[in-house]
file final_12.cif (mmCIF, C-alpha atoms)
data_model
#
loop_
_atom_site.label_atom_id
_atom_site.label_comp_id
_atom_site.auth_asym_id
_atom_site.auth_seq_id
_atom_site.Cartn_x
_atom_site.Cartn_y
_atom_site.Cartn_z
CA MET A 1 88.25 133.90 100.10
CA VAL A 2 87.18 130.34 100.77
CA GLU A 3 83.42 130.30 101.05
CA ILE A 4 81.95 129.41 104.42
CA THR A 5 78.31 128.39 104.84
CA PRO A 6 76.19 129.96 107.61
CA ALA A 7 76.24 126.64 109.52
CA GLU A 8 80.04 126.39 109.22
CA HIS A 9 80.41 130.01 110.33
CA THR A 10 78.27 129.41 113.43
CA ALA A 11 80.37 126.35 114.28
CA ALA A 12 83.63 128.23 113.64
CA VAL A 13 82.59 131.05 116.00
CA LYS A 14 81.85 128.48 118.74
CA VAL A 15 85.12 126.64 118.21
CA PHE A 16 87.55 129.53 117.59
CA GLY A 17 85.89 132.45 119.40
CA ASP A 18 87.88 135.66 119.05
CA ARG A 19 90.63 133.73 117.23
CA LEU A 20 88.37 133.14 114.23
CA PRO A 21 90.32 135.64 112.07
CA LEU A 22 93.43 133.47 112.60
CA ALA A 23 91.50 130.37 111.54
CA GLU A 24 90.25 132.21 108.44
CA ARG A 25 93.79 133.24 107.55
CA TYR A 26 94.97 129.64 108.02
CA VAL A 27 92.21 128.41 105.68
CA GLU A 28 93.39 130.96 103.07
CA HIS A 29 96.92 129.53 103.36
CA LEU A 30 95.54 126.02 102.85
CA ALA A 31 93.54 127.07 99.80
CA THR A 32 96.43 128.95 98.15
CA SER A 33 100.01 127.97 98.95
CA GLY A 34 98.92 124.71 100.60
CA MET A 35 97.23 123.58 97.41
CA GLU A 36 99.96 124.97 95.13
CA ARG A 37 102.58 122.97 97.02
CA GLY A 38 100.61 119.78 96.96
CA LEU A 39 99.67 119.60 100.64
CA LEU A 40 96.07 119.01 99.65
CA GLY A 41 94.15 118.56 96.41
CA PRO A 42 92.05 121.21 94.66
CA ARG A 43 88.90 119.15 95.31
CA GLU A 44 89.34 119.70 99.03
CA VAL A 45 89.18 123.51 98.84
CA PRO A 46 85.35 123.88 98.89
CA ARG A 47 85.14 121.65 101.96
CA LEU A 48 88.12 122.97 103.89
CA TRP A 49 85.98 124.26 106.76
CA SER A 50 83.64 121.32 107.32
CA ARG A 51 85.76 118.36 106.35
CA HIS A 52 89.15 119.51 107.56
CA VAL A 53 89.48 122.53 109.84
CA LEU A 54 86.35 122.21 112.00
CA ASN A 55 86.56 118.41 111.94
CA CYS A 56 90.03 118.73 113.53
CA ALA A 57 89.50 121.74 115.78
CA VAL A 58 86.64 120.19 117.78
CA VAL A 59 89.10 117.60 119.12
CA ALA A 60 90.27 120.44 121.40
CA GLU A 61 87.33 119.64 123.68
CA LEU A 62 89.00 116.31 124.55
CA ILE A 63 92.28 117.92 125.63
CA PRO A 64 92.83 119.14 129.22
CA GLN A 65 93.75 122.77 129.87
CA GLY A 66 97.44 123.61 129.49
CA SER A 67 98.41 120.28 127.93
CA LYS A 68 101.63 119.68 126.01
CA VAL A 69 100.60 118.09 122.72
CA ALA A 70 102.54 116.41 119.90
CA ASP A 71 100.88 116.07 116.49
CA VAL A 72 102.29 113.19 114.44
CA GLY A 73 102.51 113.50 110.66
CA SER A 74 101.22 117.05 110.71
CA GLY A 75 101.25 117.57 106.94
CA ALA A 76 99.12 120.66 106.35
CA GLY A 77 98.69 121.25 110.10
CA LEU A 78 95.66 119.01 110.49
CA PRO A 79 94.91 118.74 113.37
CA GLY A 80 97.98 120.43 114.92
CA LEU A 81 97.54 124.00 113.70
CA CYS A 82 93.75 123.87 114.12
CA LEU A 83 94.25 122.94 117.78
CA ALA A 84 96.94 125.59 118.30
CA ILE A 85 94.62 128.28 116.91
CA ALA A 86 91.56 127.14 118.87
CA ARG A 87 93.50 126.66 122.12
CA PRO A 88 96.30 129.14 122.84
CA ASP A 89 96.74 127.43 126.26
CA LEU A 90 98.13 124.31 124.55
CA SER A 91 101.82 123.88 123.82
CA MET A 92 101.93 122.18 120.40
CA THR A 93 104.78 120.32 118.73
CA LEU A 94 104.21 119.36 115.10
CA ILE A 95 106.19 116.33 113.91
CA GLU A 96 106.55 116.07 110.15
CA PRO A 97 109.24 114.24 108.11
CA LEU A 98 108.87 116.02 104.73
CA GLU A 99 110.96 119.16 104.33
CA ARG A 100 108.55 121.02 101.97
CA ARG A 101 105.72 120.52 104.47
CA VAL A 102 107.91 121.66 107.37
CA THR A 103 108.86 124.80 105.41
CA TRP A 104 105.18 125.54 104.73
CA LEU A 105 104.16 124.93 108.36
CA ASN A 106 106.87 127.31 109.60
CA GLU A 107 105.76 130.00 107.14
CA VAL A 108 102.15 129.73 108.32
CA ILE A 109 103.13 129.75 112.01
CA GLU A 110 105.21 132.88 111.43
CA ASP A 111 102.47 134.62 109.45
CA LEU A 112 99.81 133.84 112.09
CA LYS A 113 102.27 134.73 114.89
CA LEU A 114 101.44 131.52 116.78
CA ASP A 115 103.77 131.43 119.76
CA ASN A 116 102.48 128.12 121.13
CA VAL A 117 103.70 125.93 118.24
CA SER A 118 107.04 124.46 117.22
CA VAL A 119 107.90 122.08 114.38
CA ILE A 120 110.25 119.09 114.45
CA ARG A 121 111.38 117.74 111.10
CA GLY A 122 111.62 113.98 111.39
CA ARG A 123 109.73 110.77 111.82
CA ALA A 124 107.75 110.09 114.99
CA GLU A 125 110.22 107.37 116.02
CA GLN A 126 113.07 109.91 115.93
CA ALA A 127 111.20 112.25 118.27
CA VAL A 128 110.82 109.69 121.08
CA GLY A 129 112.63 111.00 124.15
CA LYS A 130 113.04 114.44 122.57
CA VAL A 131 109.53 115.63 123.35
CA ASP A 132 107.80 115.78 126.71
CA VAL A 133 104.06 115.61 126.08
CA ASP A 134 100.77 114.63 127.75
CA VAL A 135 98.75 114.12 124.56
CA VAL A 136 99.58 112.83 121.07
CA THR A 137 97.25 113.55 118.14
CA ALA A 138 97.16 112.13 114.61
CA ARG A 139 94.92 112.21 111.57
CA ALA A 140 95.14 110.24 108.32
CA VAL A 141 98.58 108.86 109.18
CA SER A 142 98.03 105.10 109.12
CA ALA A 143 95.82 102.31 110.42
CA LEU A 144 95.75 102.00 114.21
CA SER A 145 97.96 98.92 114.22
CA GLY A 146 100.80 100.97 112.73
CA LEU A 147 99.82 104.27 114.30
CA SER A 148 99.94 102.97 117.88
CA GLY A 149 103.64 102.24 117.45
CA LEU A 150 104.27 105.79 116.23
CA THR A 151 102.24 107.59 118.90
CA ILE A 152 102.28 105.70 122.22
CA PRO A 153 106.10 105.73 122.65
CA LEU A 154 106.08 109.57 122.46
CA LEU A 155 104.14 109.69 125.75
CA GLY A 156 107.03 108.23 127.72
CA GLY A 157 104.81 105.93 129.75
CA SER A 158 101.72 108.01 130.49
CA GLY A 159 99.23 110.21 128.69
CA VAL A 160 96.59 109.99 125.99
CA VAL A 161 96.58 109.34 122.25
CA LEU A 162 93.76 110.97 120.26
CA ALA A 163 93.58 109.58 116.72
CA ILE A 164 90.98 111.09 114.39
CA LYS A 165 89.37 108.19 112.55
CA GLY A 166 86.44 107.36 110.30
CA ARG A 167 83.66 104.82 110.47
CA SER A 168 86.05 101.88 110.71
CA ALA A 169 87.38 103.01 114.11
CA ALA A 170 85.97 100.07 116.09
CA GLU A 171 87.29 97.61 113.50
CA GLU A 172 90.76 99.18 113.68
CA ILE A 173 90.76 98.92 117.49
CA GLU A 174 89.94 95.22 117.23
CA LYS A 175 92.85 94.59 114.85
CA ALA A 176 95.31 96.66 116.90
CA ALA A 177 94.19 95.67 120.43
CA LYS A 178 97.10 93.30 121.08
CA GLN A 179 99.70 95.76 119.79
CA ILE A 180 98.19 98.62 121.85
CA ARG A 181 98.30 96.57 125.06
CA LYS A 182 101.89 95.55 124.35
CA LEU A 183 102.86 99.23 124.04
CA GLY A 184 101.21 100.11 127.36
CA GLY A 185 97.73 101.16 126.29
CA LYS A 186 95.40 100.54 129.22
CA GLU A 187 92.07 101.59 127.77
CA THR A 188 91.05 102.13 124.15
CA THR A 189 87.67 103.64 123.30
CA VAL A 190 85.86 105.37 120.45
CA VAL A 191 84.71 108.84 121.48
CA THR A 192 83.12 111.70 119.55
CA ALA A 193 83.96 115.39 119.42
CA GLY A 194 81.92 118.34 118.22
CA SER A 195 78.51 116.64 118.29
CA ASP A 196 76.93 119.83 119.68
CA VAL A 197 78.70 122.03 117.09
CA LEU A 198 78.97 120.10 113.82
CA GLU A 199 76.37 118.47 111.62
CA GLU A 200 78.63 115.44 111.46
CA HIS A 201 80.69 114.83 114.58
CA THR A 202 84.35 113.79 114.59
CA THR A 203 85.16 110.20 115.52
CA VAL A 204 88.25 109.81 117.69
CA VAL A 205 90.05 106.74 119.02
CA ARG A 206 91.23 107.52 122.55
CA ILE A 207 94.04 105.43 124.01
CA VAL A 208 94.88 105.97 127.67
CA VAL A 209 98.48 105.00 128.45
#
call {"tool": "encode", "arguments": {"input": "final_12.cif", "output": "structure tokens"}}
result
Amino acid sequence: MVEITPAEHTAAVKVFGDRLPLAERYVEHLATSGMERGLLGPREVPRLWSRHVLNCAVVAELIPQGSKVADVGSGAGLPGLCLAIARPDLSMTLIEPLERRVTWLNEVIEDLKLDNVSVIRGRAEQAVGKVDVDVVTARAVSALSGLSGLTIPLLGGSGVVLAIKGRSAAEEIEKAAKQIRKLGGKETTVVTAGSDVLEEHTTVVRIVV
């Protein structure tokens, strides 16, 4: 079992509710087969809850009920699987180019019996026109200047991009502003998620298209 601190457990109950056992099982997958197959490093295991799973799952509060969501560069399912577990009302599509990661994601989805998630193997550019979504999420994919070109086109002209970022979010927006406008981004802001649940909130760049 991956250890969870009392504070993390309190936050996890708030975020996942009665689906917490699914989140716990997902964390076990991350700590075992996820690590064995190189989806994340051994150093990340002790901080899976705070730094990864909860950090991603709180983004659910920024997504409207019943949304269709695409997660770009899903990797180990962060944030895609976290959101699918926390919000069964969402219809999630995980987009991931690497076959070994896709195989792992499908195994986890099957084991957790998540019926609101599907996986597309390919690059984000290849998925344009193949997915019909209202929201696109991404975490640790690339700087905003590159990321905007991977995410905004998936919305087909309208919707929201939610990119989980760090402290340099405002700086990245400045550098990418021109590119975002060119792609149809109307309003780009830095918002926070989970400030009432986590000790350290999640910083998100929100692009309205």
call {"tool": "resolve_selection", "arguments": {"input": "final_12.cif", "expression": "the PyMOL selection byres ((chain A and resi 157) around 12)", "output": "PyMOL selection string"}}
result
chain A and resi 128-129+132-135+151-156+158-161+183-186+208-209
call {"tool": "resolve_selection", "arguments": {"input": "final_12.cif", "expression": "the PyMOL selection byres ((chain A and resi 61-67) around 6)", "output": "PyMOL selection string"}}
result
chain A and resi 58-60+68+89-90
call {"tool": "atom_distance", "arguments": {"input": "final_12.cif", "atom1": "atom CA of A:Val72", "atom2": "atom CA of A:Thr188"}}
result
18.5 Å
call {"tool": "resolve_selection", "arguments": {"input": "final_12.cif", "expression": "the PyMOL selection byres ((chain A and resi 42-46) around 12)", "output": "PDB file with C-alpha atoms, in the coordinates of the input"}}
result
ATOM      1  CA  MET A   1      88.250 133.900 100.100  1.00  0.00           C
ATOM      2  CA  VAL A   2      87.180 130.340 100.770  1.00  0.00           C
ATOM      3  CA  GLU A   3      83.420 130.300 101.050  1.00  0.00           C
ATOM      4  CA  ILE A   4      81.950 129.410 104.420  1.00  0.00           C
ATOM      5  CA  THR A   5      78.310 128.390 104.840  1.00  0.00           C
ATOM      6  CA  GLU A   8      80.040 126.390 109.220  1.00  0.00           C
ATOM      7  CA  VAL A  27      92.210 128.410 105.680  1.00  0.00           C
ATOM      8  CA  GLU A  28      93.390 130.960 103.070  1.00  0.00           C
ATOM      9  CA  HIS A  29      96.920 129.530 103.360  1.00  0.00           C
ATOM     10  CA  LEU A  30      95.540 126.020 102.850  1.00  0.00           C
ATOM     11  CA  ALA A  31      93.540 127.070  99.800  1.00  0.00           C
ATOM     12  CA  THR A  32      96.430 128.950  98.150  1.00  0.00           C
ATOM     13  CA  SER A  33     100.010 127.970  98.950  1.00  0.00           C
ATOM     14  CA  GLY A  34      98.920 124.710 100.600  1.00  0.00           C
ATOM     15  CA  MET A  35      97.230 123.580  97.410  1.00  0.00           C
ATOM     16  CA  GLU A  36      99.960 124.970  95.130  1.00  0.00           C
ATOM     17  CA  ARG A  37     102.580 122.970  97.020  1.00  0.00           C
ATOM     18  CA  GLY A  38     100.610 119.780  96.960  1.00  0.00           C
ATOM     19  CA  LEU A  39      99.670 119.600 100.640  1.00  0.00           C
ATOM     20  CA  LEU A  40      96.070 119.010  99.650  1.00  0.00           C
ATOM     21  CA  GLY A  41      94.150 118.560  96.410  1.00  0.00           C
ATOM     22  CA  ARG A  47      85.140 121.650 101.960  1.00  0.00           C
ATOM     23  CA  LEU A  48      88.120 122.970 103.890  1.00  0.00           C
ATOM     24  CA  TRP A  49      85.980 124.260 106.760  1.00  0.00           C
ATOM     25  CA  SER A  50      83.640 121.320 107.320  1.00  0.00           C
ATOM     26  CA  ARG A  51      85.760 118.360 106.350  1.00  0.00           C
ATOM     27  CA  HIS A  52      89.150 119.510 107.560  1.00  0.00           C
ATOM     28  CA  VAL A  53      89.480 122.530 109.840  1.00  0.00           C
TER      29      VAL A  53
END
call {"tool": "atom_distance", "arguments": {"input": "final_12.cif", "atom1": "atom CA of A:Glu107", "atom2": "atom CA of A:Arg87"}}
result
19.6 Å
call {"tool": "atom_distance", "arguments": {"input": "final_12.cif", "atom1": "atom CA of A:Arg19", "atom2": "atom CA of A:Glu99"}}
result
28.1 Å
call {"tool": "closest_residue", "arguments": {"input": "final_12.cif", "among": "A:Val15, A:Leu78, A:Val102, A:Val197", "to": "A:Gly122", "atoms": "only C-alpha atoms"}}
result
A:Val102
call {"tool": "closest_residue", "arguments": {"input": "final_12.cif", "among": "A:Ala23, A:Ala143, A:Cys82, A:Met92", "to": "A:Ile173", "atoms": "only C-alpha atoms"}}
result
A:Ala143
call {"tool": "residues_around", "arguments": {"input": "final_12.cif", "residues": "stretch 108-117 of chain A", "least_positions_apart": "2", "cutoff": "9 Å", "atoms": "all atoms listed in the file", "output": "JSON, numbers by chain"}}
result
{"A": [22, 25, 26, 29, 80, 81, 84, 85, 88, 89, 90, 91, 92, 93, 94, 103, 104, 105, 106, 119]}
call {"tool": "axis_aligned_box", "arguments": {"input": "final_12.cif", "around": "stretch 141-149 of chain A", "padding_each_side": "5 Å", "output": "lines of an AutoDock Vina configuration file"}}
result
center_x = 99.7
center_y = 103.9
center_z = 113.5
size_x = 17.9
size_y = 19.9
size_z = 18.8
call {"tool": "closest_residue", "arguments": {"input": "final_12.cif", "among": "A:Asn55, A:Thr203, A:Ser74, A:Ser118", "to": "A:Arg167", "atoms": "only C-alpha atoms"}}
result
A:Thr203
call {"tool": "closest_residue", "arguments": {"input": "final_12.cif", "among": "A:Val69, A:Ile207, A:Ala163, A:Ile95", "to": "A:Ile180", "atoms": "only C-alpha atoms"}}
result
A:Ile207
call {"tool": "closest_residue", "arguments": {"input": "final_12.cif", "among": "A:Leu54, A:Ala12, A:Ala177, A:Val136", "to": "A:Ala193", "atoms": "only C-alpha atoms"}}
result
A:Leu54
call {"tool": "residues_around", "arguments": {"input": "final_12.cif", "residues": "A:Glu172", "least_positions_apart": "6", "cutoff": "10 Å", "atoms": "only C-alpha atoms", "output": "PyMOL selection string"}}
result
chain A and resi 143-145+165-166+205
call {"tool": "closest_residue", "arguments": {"input": "final_12.cif", "among": "A:Leu198, A:Gln126, A:Thr137, A:Leu162", "to": "A:Val13", "atoms": "all atoms listed in the file"}}
result
A:Leu198
